[in-house]
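*Asks:* Questions regarding the structure given below will be posed in turn.
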Protein chains: 4
Amino acid sequence: MKALVYGGPGQRSWTDVPDPSLKDPEDAVVRVEAVTICGSDLHILKGDLPEVQPGRVLGHEAVGTVLEVGSAVRDIKVGQRVLVSCISSCGQCRYCREGRYGQCLGGGGWILGHTIDGTQAEMVRVPFADRSLHVLPDDVTNEAALLLADILPTAYEVGVLAGKVSPGDVVLIVGAGPVGLAALTTARLFSPSRIVVVDPEPTRREEALRLGADAAVAPDADVRAELGYWTEGLGADVAIEAVGIASTFEMCADLVRPGGRIANVGVHGAPVTLHLERLWTRDVTITTGLVDTSTTSLLLRLMSDGKLDASPLITHRFCLDEMETAYDVFADPATSHALKVALTRDEQMPFA
Amino acid sequence: MKALVYGGPGQRSWTDVPDPSLKDPEDAVVRVEAVTICGSDLHILKGDLPEVQPGRVLGHEAVGTVLEVGSAVRDIKVGQRVLVSCISSCGQCRYCREGRYGQCLGGGGWILGHTIDGTQAEMVRVPFADRSLHVLPDDVTNEAALLLADILPTAYEVGVLAGKVSPGDVVLIVGAGPVGLAALTTARLFSPSRIVVVDPEPTRREEALRLGADAAVAPDADVRAELGYWTEGLGADVAIEAVGIASTFEMCADLVRPGGRIANVGVHGAPVTLHLERLWTRDVTITTGLVDTSTTSLLLRLMSDGKLDASPLITHRFCLDEMETAYDVFADPATSHALKVALTRDEQMPFA
Amino acid sequence: MKALVYGGPGQRSWTDVPDPSLKDPEDAVVRVEAVTICGSDLHILKGDLPEVQPGRVLGHEAVGTVLEVGSAVRDIKVGQRVLVSCISSCGQCRYCREGRYGQCLGGGGWILGHTIDGTQAEMVRVPFADRSLHVLPDDVTNEAALLLADILPTAYEVGVLAGKVSPGDVVLIVGAGPVGLAALTTARLFSPSRIVVVDPEPTRREEALRLGADAAVAPDADVRAELGYWTEGLGADVAIEAVGIASTFEMCADLVRPGGRIANVGVHGAPVTLHLERLWTRDVTITTGLVDTSTTSLLLRLMSDGKLDASPLITHRFCLDEMETAYDVFADPATSHALKVALTRDEQMPFA
Amino acid sequence: MKALVYGGPGQRSWTDVPDPSLKDPEDAVVRVEAVTICGSDLHILKGDLPEVQPGRVLGHEAVGTVLEVGSAVRDIKVGQRVLVSCISSCGQCRYCREGRYGQCLGGGGWILGHTIDGTQAEMVRVPFADRSLHVLPDDVTNEAALLLADILPTAYEVGVLAGKVSPGDVVLIVGAGPVGLAALTTARLFSPSRIVVVDPEPTRREEALRLGADAAVAPDADVRAELGYWTEGLGADVAIEAVGIASTFEMCADLVRPGGRIANVGVHGAPVTLHLERLWTRDVTITTGLVDTSTTSLLLRLMSDGKLDASPLITHRFCLDEMETAYDVFADPATSHALKVALTRDEQMPFA
């Protein structure tokens, strides 16, 4: 089959690889119907994640059809249309038992396109199939479901839930890339009083406003004032960091009110300075986290019932064979204004 | 001044009483600009609350203008437009310190129109003014604010928060009177996946649908089926009782899923049967409560920021002098289809 | 092998049955080293649980040695000394994913000695072995571990955690049988300010005092006064019902303070009266529940580290072949003063 | 009267100042019976808190007798024996309403010995008397109560509660000074499985062991190994920072397990480095905070009921006139091994 293979820093190709097959009784093999590219794939290509070996098929988000299941798979059936989640779960370690699948000690966690071959391919082997795949109802499209593989649960769990966004809150979101906008979309599930988004790119600010932000400003604006009357100048109830650099984290720490929460979602490559000499008295809570996908079913239910719509986050569409073009577009959002790209299997492909 | 005076069971009159005046350094006297009638006022008139003495001015919900404040009032100022909350708070007892103002042991709690004279009058004395009045911003109208005096915080605190309504939940609300509909409106702040309302009155079911219910059915419908696909027939995540009789409570207990929550908001006059022989293994949580109005500021913020609109709950409007007619209309919803009535001061009254 | 076989209401015998064997790839077969009898076994013998079929081997608590494991068992190994938990877990249904194993929809929950053959035998087949067995460290004895199979997690999860016992609380425990005393022992983990135990039996009250109760009184005492100075006569912060009849539940409802919690642990065979006409304003929370054994690992850790000792709850010891005598003693606590009985395999048995 | 007056960096004297008197209707004047010195008093003397003006009477912890109360004081009465809490509360601002008195916006918070004259004196004026004083029961001594003024609620709220110490947890406490040892004492209220204390001073480590630590080691020990078997090398469930320098904070961040909590209690004078490049995926929660004293009543109840004993923390005793000597002893713990010092009024003083 064809797959997007990592060849070491800076190198990738859509090329032939052997078809995947069952290796463990809990595995499934899934035919990829739709797949997307994640910012962390770009990090891998930059060489930022040295644990990823050359030869690895990338990708950890997909929608597909189950082709084959192992003997110990109980719930997932051949032929089902499924979401392939970015996180797998052994189901038995201390972390899996408390729903922290992202921290799985038993061979799960983020493995697809990371420590085993991933979803940017015509087929993918998925370990722990019963706990890594979610059967999709008919009323959720492939494209909508794609966003449930990573970006929506990441933004919801690591941003919105960890930050304890609550009705009436004033929420600051720093960064209006795909994850920041997903945080905006899912924060709205809790009816905050006001959401202020900060991003240097005008087109991303416009998108934030279209998705329901109450204000969207550049980083050099008077952000504290934008937080509005009800904060009394004290700062945001919740600040969500969705960029991953020191200055954006420190903006969050600076603009959160006493008693507020900072939820870090951004992928950081370097340390940040924490001003405990100012923060030690201020009752601030800072959280970090990898997505667990423990809320995927819930978000799927909301989507199916028409209460969650993140479809505007998909800005560009390709067929699978255009994988390399899709990477080019996704990697250059300043030019392309891409948020998320969707690649779908060509129905005419001889593969079926 | 004129006031609605309780004369014992079945007796009320809009009649002359002495003007109120400051009795304690923490009191304020407020001129009533708008006032409403509560279901509990009807309970008083039926004689269900024997602690209410004949001669008492009824009413515990109002919007007004501060006329006078005592020497120990710190934040409230003469001339401010304020919400008169149904709950007062001493601010010092163990319950007030934990925000349970409804259980105040220091002379607060529900006192207005109950143990002291209330708001259905041209003026009202309000004890613990700093903690019983809320200054209103200009962008919230008198009518909208009236609903913050009791009905919205009651439904939100005792129904929605006690029931822990969460995104994706399936919520059952039994009773589509004013409080049930306020529960519907405030439950939506948490983006449940589906809200099913049960009420025998077709007009109330229609109103529930207009306010965003996903289904509104009569009590003899197959309510369990209405809860939808995602509940797998197990029942609702949250059941809110907003009637106050045994059969509606038992409907909630019957239709909540294992692990679900039953939040009782209804005013009960008789015991109910709790089927512990069925429920003891089912991980059910049942809550009761009097409103604390601890969320009034938050609901006010949401209203001011355009994120909460309960205005359809006010169905009839009168001037203060029409108090007795307003009672007639409110007490006969089967005929009048009244939900909440608003009475406002006649601007031409010589009083000003 | 020998096993305690239920023969229909009132009938039981320690008799020969076929040895168990693996039926599913996730099964284990365990040789029973120590086993105990539960109050619910007596309920079965009374015919209260008609779902239990004649011919069923009873028992859902044991310590044993793993003899054989199925092909899909990943963590449990032959030869390990393990706790057999009263609750099994499929690990995949919505309830198992949130740690509510007692409500398992996938074939787990309380099955041993209930819907499949149980632990009062020389050997037992345990489904979902990886999630139903807990490997025991050397520093926890068989007898101590036996209490972790049901009674300690039940009291802790359904009583103490559901009741949210917190430091400084005044806790009322109604019933000083094995579960009530286990609730006492585990409530102390949270350092309540005062624990008052109510039981009609003087020997059980003495045992409660030995286990750390601050007071232990008969039901006709002035229990409210016993709750002490700090409650100001308002009642207990938490009331744990550990009997299972209407009058004890109603005692809890009567003696809990406004804002307090009632945690029902008792097994009820009939409805109770809930005085909502008094409770509706009192901010009371009532919980029910079946144990999930989600805290078994934690309690095991506390026991291993010497921070939890429930050994006084085992009052009588037998060898396996004395099973019928053990039942007689356990079923007549008024005479025997039995709390929990331990039956251990005779080392000389030819079986090994 | 005599008082300890701050004269600018490095300067203090026990000298004559005017007697305090009521300035506000909510004030009380209290005769100091016992008082102590806090590490933050030493910070003031170093000049680290420039907001403290020369001429200020220091001290924010005391036990005393009420001499006089203002006209708006409702609950506190002349002659009562009271605890003077380090935190005052306006009772009305948004923070006071949610129990975050340390963040009071209405003139309270930490004011005594900071922005107004404090307790290291023969008498002290206490604003917001009803919410700053706690009436003491006879069974709690002055010395025991002194520890409730600051150190115990600080350690409990900012360390133990913010860190969510729970039964079975493995807790790391870095720093065995008075606050670290108070964290140890109050952490034990939640029955952790194991508490490991880190401090370079052997005498402080010995004291930690006497107070119930399971291990007490020097910073250069293999602390991770000391956390014990149950952590599987992953790190502590909760790490409490009780020093206030970068290296101890970073030790906490390094030794907390994925999913764990870091509660900062230490007073920091400089920024720290937060290794988000390692922590971003690890589900870590970091909290900071000033004490609210919202748990003072609860800790008092535990002390009164014999469930909390922190008396070993008081190592040295003086009379009030020995204030300067007490400062010398407290400021040199390396020599004196002092933890907390208690100064009590000389009964023979002509003052009474």
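Within each chain, counting starts at residue 1; across the structure tokens, chains are named A, B, ... in the order shown, with ligands numbered 1 upward in that order.
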Residues near region 120-129 of chain B, anyone? I mean within 8 Å using only C-alpha atoms, not counting same-chain ones fewer than 2 positions away, as a ChimeraX atom specification.
*Replies:* /B:1-4,19-22,24,26-33,35-36,57-60,62,69,73,76,84,88-90,108,112,117-118,131-133,320,345
*Asks:* Find the residues of chain C in contact range of chain A, meaning any atom within 7 Å when counting only C-alpha atoms, and list them as a ChimeraX atom specification.
*Replies:* /C:72,91-92,97-99,131
*Asks:* Keeping only all heavy atoms, write the selected residues as a PDB file, in the first residue's frame.
*Replies:*
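Resulting contents of out-v2.pdb:
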```
ATOM      1  N   ALA C  72      -5.621 -14.565  26.583  1.00  0.00           N
ATOM      2  CA  ALA C  72      -5.684 -13.112  26.466  1.00  0.00           C
ATOM      3  C   ALA C  72      -5.421 -12.412  27.794  1.00  0.00           C
ATOM      4  O   ALA C  72      -5.557 -11.199  27.891  1.00  0.00           O
ATOM      5  CB  ALA C  72      -7.049 -12.690  25.912  1.00  0.00           C
ATOM      6  N   GLY C  91     -14.049  -3.796  31.359  1.00  0.00           N
ATOM      7  CA  GLY C  91     -13.010  -2.838  30.994  1.00  0.00           C
ATOM      8  C   GLY C  91     -13.345  -1.982  29.795  1.00  0.00           C
ATOM      9  O   GLY C  91     -12.561  -1.107  29.428  1.00  0.00           O
ATOM     10  N   GLN C  92     -14.495  -2.179  29.183  1.00  0.00           N
ATOM     11  CA  GLN C  92     -14.761  -1.472  27.940  1.00  0.00           C
ATOM     12  C   GLN C  92     -16.078  -0.723  27.899  1.00  0.00           C
ATOM     13  O   GLN C  92     -16.236   0.191  27.101  1.00  0.00           O
ATOM     14  CB  GLN C  92     -14.699  -2.466  26.779  1.00  0.00           C
ATOM     15  CG  GLN C  92     -13.315  -3.020  26.654  1.00  0.00           C
ATOM     16  CD  GLN C  92     -13.098  -4.024  25.560  1.00  0.00           C
ATOM     17  OE1 GLN C  92     -12.102  -4.713  25.559  1.00  0.00           O
ATOM     18  NE2 GLN C  92     -14.027  -4.116  24.628  1.00  0.00           N
ATOM     19  N   ARG C  97     -15.340   2.293  31.845  1.00  0.00           N
ATOM     20  CA  ARG C  97     -14.424   3.363  31.464  1.00  0.00           C
ATOM     21  C   ARG C  97     -14.414   4.501  32.468  1.00  0.00           C
ATOM     22  O   ARG C  97     -13.455   5.245  32.569  1.00  0.00           O
ATOM     23  CB  ARG C  97     -14.785   3.906  30.076  1.00  0.00           C
ATOM     24  CG  ARG C  97     -14.293   2.975  28.971  1.00  0.00           C
ATOM     25  CD  ARG C  97     -14.675   3.469  27.594  1.00  0.00           C
ATOM     26  NE  ARG C  97     -14.686   2.359  26.668  1.00  0.00           N
ATOM     27  CZ  ARG C  97     -14.045   2.355  25.491  1.00  0.00           C
ATOM     28  NH1 ARG C  97     -13.363   3.406  25.107  1.00  0.00           N
ATOM     29  NH2 ARG C  97     -14.100   1.308  24.710  1.00  0.00           N
ATOM     30  N   GLU C  98     -15.521   4.655  33.226  1.00  0.00           N
ATOM     31  CA  GLU C  98     -15.487   5.685  34.264  1.00  0.00           C
ATOM     32  C   GLU C  98     -15.249   5.104  35.651  1.00  0.00           C
ATOM     33  O   GLU C  98     -15.457   5.787  36.650  1.00  0.00           O
ATOM     34  CB  GLU C  98     -16.732   6.581  34.216  1.00  0.00           C
ATOM     35  CG  GLU C  98     -18.056   5.870  34.177  1.00  0.00           C
ATOM     36  CD  GLU C  98     -19.248   6.852  34.093  1.00  0.00           C
ATOM     37  OE1 GLU C  98     -19.515   7.378  32.996  1.00  0.00           O
ATOM     38  OE2 GLU C  98     -19.895   7.060  35.132  1.00  0.00           O
ATOM     39  N   GLY C  99     -14.790   3.862  35.698  1.00  0.00           N
ATOM     40  CA  GLY C  99     -14.432   3.278  36.994  1.00  0.00           C
ATOM     41  C   GLY C  99     -15.613   2.755  37.792  1.00  0.00           C
ATOM     42  O   GLY C  99     -15.460   2.335  38.928  1.00  0.00           O
ATOM     43  N   ARG C 131      -8.587  -7.734  35.385  1.00  0.00           N
ATOM     44  CA  ARG C 131      -9.273  -6.640  36.070  1.00  0.00           C
ATOM     45  C   ARG C 131     -10.094  -7.115  37.266  1.00  0.00           C
ATOM     46  O   ARG C 131     -10.801  -6.338  37.879  1.00  0.00           O
ATOM     47  CB  ARG C 131     -10.151  -5.867  35.077  1.00  0.00           C
ATOM     48  CG  ARG C 131      -9.319  -5.029  34.104  1.00  0.00           C
ATOM     49  CD  ARG C 131     -10.162  -4.352  33.060  1.00  0.00           C
ATOM     50  NE  ARG C 131     -10.970  -5.297  32.324  1.00  0.00           N
ATOM     51  CZ  ARG C 131     -10.530  -6.057  31.321  1.00  0.00           C
ATOM     52  NH1 ARG C 131      -9.297  -5.964  30.902  1.00  0.00           N
ATOM     53  NH2 ARG C 131     -11.322  -6.905  30.735  1.00  0.00           N
TER      54      ARG C 131
END
```
*Asks:* Do a neighbour search on Ala225 (chain A) at 12 Å with only C-alpha atoms, toss out local chain neighbours closer than 6 positions, and write the hits as an MDAnalysis selection string.
*Replies:* chainID A and resid 170 172 196 215 217 231:236 255
*Asks:* Write out as number ranges by chain all residues of region 189-346 of chain D that backbone DSSP assigns to helix (DSSP H, G or I).
*Replies:* D: 189-190, 202-210, 223-226, 229-231, 246-255, 276-279, 296-304, 311-313, 320-330, 333-336
*Asks:* Report as number ranges by chain: the residues of region 115-327 of chain A with a DSSP assignment of strand (DSSP E or B), based on the backbone of this structure.
*Replies:* A: 116, 121, 123-126, 133-135, 170-174, 194-198, 215-217, 236-241, 256-264, 272-274, 285-287, 314-319
*Asks:* What is the distance between CA of Asp254 (chain D) and CA of Ile286 (chain D), in Å to one decimal?
*Replies:* 12.3 Å
*Asks:* Please build the interface table for region 65-112 of chain D against region 151-160 of chain D with a cut-off of 12 Å, listing for each qualifying residue the nearest atom pair and the distance in Å to one decimal; count only C-alpha atoms, order rows by chain and increasing number, and write it as a tab-separated table.
*Replies:*
```
residue	atom	partner	partner_atom	distance
D:Ser85	CA	D:Pro153	CA	9.8
D:Cys86	CA	D:Ile151	CA	9.3
D:Ile87	CA	D:Pro153	CA	10.5
D:Gly99	CA	D:Glu157	CA	11.5
D:Arg100	CA	D:Glu157	CA	10.6
D:Tyr101	CA	D:Glu157	CA	11.9
D:Gly102	CA	D:Thr154	CA	10.4
```
*Asks:* Any idea what's packed within 10 Å of Ala242 (chain B), counting only C-alpha atoms, ignoring anything in its chain fewer than 4 positions away? Could you give it as a PyMOL selection string?
*Replies:* chain B and resi 155+159+173-183+198+248-249+263-267
*Asks:* Any idea what the distance is between CA of Asp222 (chain C) and CA of Thr185 (chain C)?
*Replies:*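 Taking CA of Asp222 (chain C) and CA of Thr185 (chain C), their separation equals 23.5 Å.
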*Asks:* Quick one, how far is CA of Phe330 (chain A) from CA of Arg204 (chain A)?
*Replies:*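 If I compute the distance from CA of Phe330 (chain A) to CA of Arg204 (chain A), I get 14.2 Å.
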*Asks:* Please provide the set of residues having any atom within 10 Å of Pro192 (chain D), restricted to only C-alpha atoms, with same-chain residues fewer than 4 positions apart removed, written as a ChimeraX atom specification.
*Replies:* /C:189-190,298,301-302,305,307 /D:165-171,187-188,237-238
*Asks:* Using only C-alpha atoms, which protein or nucleic acid residues come within 9 Å of Leu300 (chain C)? Drop anything in the same chain fewer than 4 positions from it, and give the result as an mmCIF file with N, CA, C and O atoms, in the first residue's frame.
*Replies:*
```
data_model
loop_
_atom_site.group_PDB
_atom_site.id
_atom_site.type_symbol
_atom_site.label_atom_id
_atom_site.label_comp_id
_atom_site.auth_asym_id
_atom_site.auth_seq_id
_atom_site.Cartn_x
_atom_site.Cartn_y
_atom_site.Cartn_z
ATOM 1 N N LEU C 136 -1.021 -9.742 45.356
ATOM 2 C CA LEU C 136 -0.816 -9.326 46.748
ATOM 3 C C LEU C 136 0.672 -9.259 47.082
ATOM 4 O O LEU C 136 1.422 -10.174 46.761
ATOM 5 N N PRO C 137 1.094 -8.195 47.752
ATOM 6 C CA PRO C 137 2.480 -8.138 48.224
ATOM 7 C C PRO C 137 2.638 -9.045 49.452
ATOM 8 O O PRO C 137 1.656 -9.347 50.146
ATOM 9 N N VAL C 140 1.150 -8.364 53.161
ATOM 10 C CA VAL C 140 -0.284 -8.381 53.477
ATOM 11 C C VAL C 140 -0.706 -9.847 53.610
ATOM 12 O O VAL C 140 -0.574 -10.629 52.660
ATOM 13 N N ALA C 145 -6.030 -9.516 53.647
ATOM 14 C CA ALA C 145 -6.437 -9.293 52.261
ATOM 15 C C ALA C 145 -7.896 -9.669 52.033
ATOM 16 O O ALA C 145 -8.597 -9.032 51.238
ATOM 17 N N LEU C 148 -10.335 -7.036 51.843
ATOM 18 C CA LEU C 148 -10.281 -6.150 50.677
ATOM 19 C C LEU C 148 -11.148 -6.654 49.525
ATOM 20 O O LEU C 148 -11.317 -5.967 48.521
ATOM 21 N N THR C 295 -11.217 1.272 44.367
ATOM 22 C CA THR C 295 -10.233 1.723 45.357
ATOM 23 C C THR C 295 -9.464 0.560 45.985
ATOM 24 O O THR C 295 -8.733 0.762 46.951
ATOM 25 N N THR C 296 -9.643 -0.628 45.457
ATOM 26 C CA THR C 296 -8.982 -1.784 46.075
ATOM 27 C C THR C 296 -7.466 -1.624 46.097
ATOM 28 O O THR C 296 -6.817 -1.900 47.122
ATOM 29 N N SER C 304 -0.543 -2.371 53.057
ATOM 30 C CA SER C 304 0.852 -2.774 52.921
ATOM 31 C C SER C 304 1.776 -1.803 53.648
ATOM 32 O O SER C 304 2.777 -2.199 54.236
ATOM 33 N N ASP C 305 1.429 -0.516 53.632
ATOM 34 C CA ASP C 305 2.260 0.485 54.290
ATOM 35 C C ASP C 305 1.896 0.671 55.768
ATOM 36 O O ASP C 305 2.372 1.604 56.413
ATOM 37 N N LEU C 308 -3.573 1.000 57.393
ATOM 38 C CA LEU C 308 -4.954 0.544 57.484
ATOM 39 C C LEU C 308 -4.958 -0.861 58.072
ATOM 40 O O LEU C 308 -4.320 -1.761 57.522
ATOM 41 N N GLY D 168 -3.848 7.090 50.830
ATOM 42 C CA GLY D 168 -3.042 6.224 49.985
ATOM 43 C C GLY D 168 -1.984 6.942 49.172
ATOM 44 O O GLY D 168 -1.133 6.294 48.563
#
```
*Asks:* Tell me which protein, DNA and RNA residues are within 10 Å of Leu279 (chain A), counting only C-alpha atoms, leaving out same-chain ones fewer than 6 positions away, and put them as a PyMOL selection string.
*Replies:* (chain A and resi 253-254+258+285) or (chain D and resi 264+267-268+271+287-290)
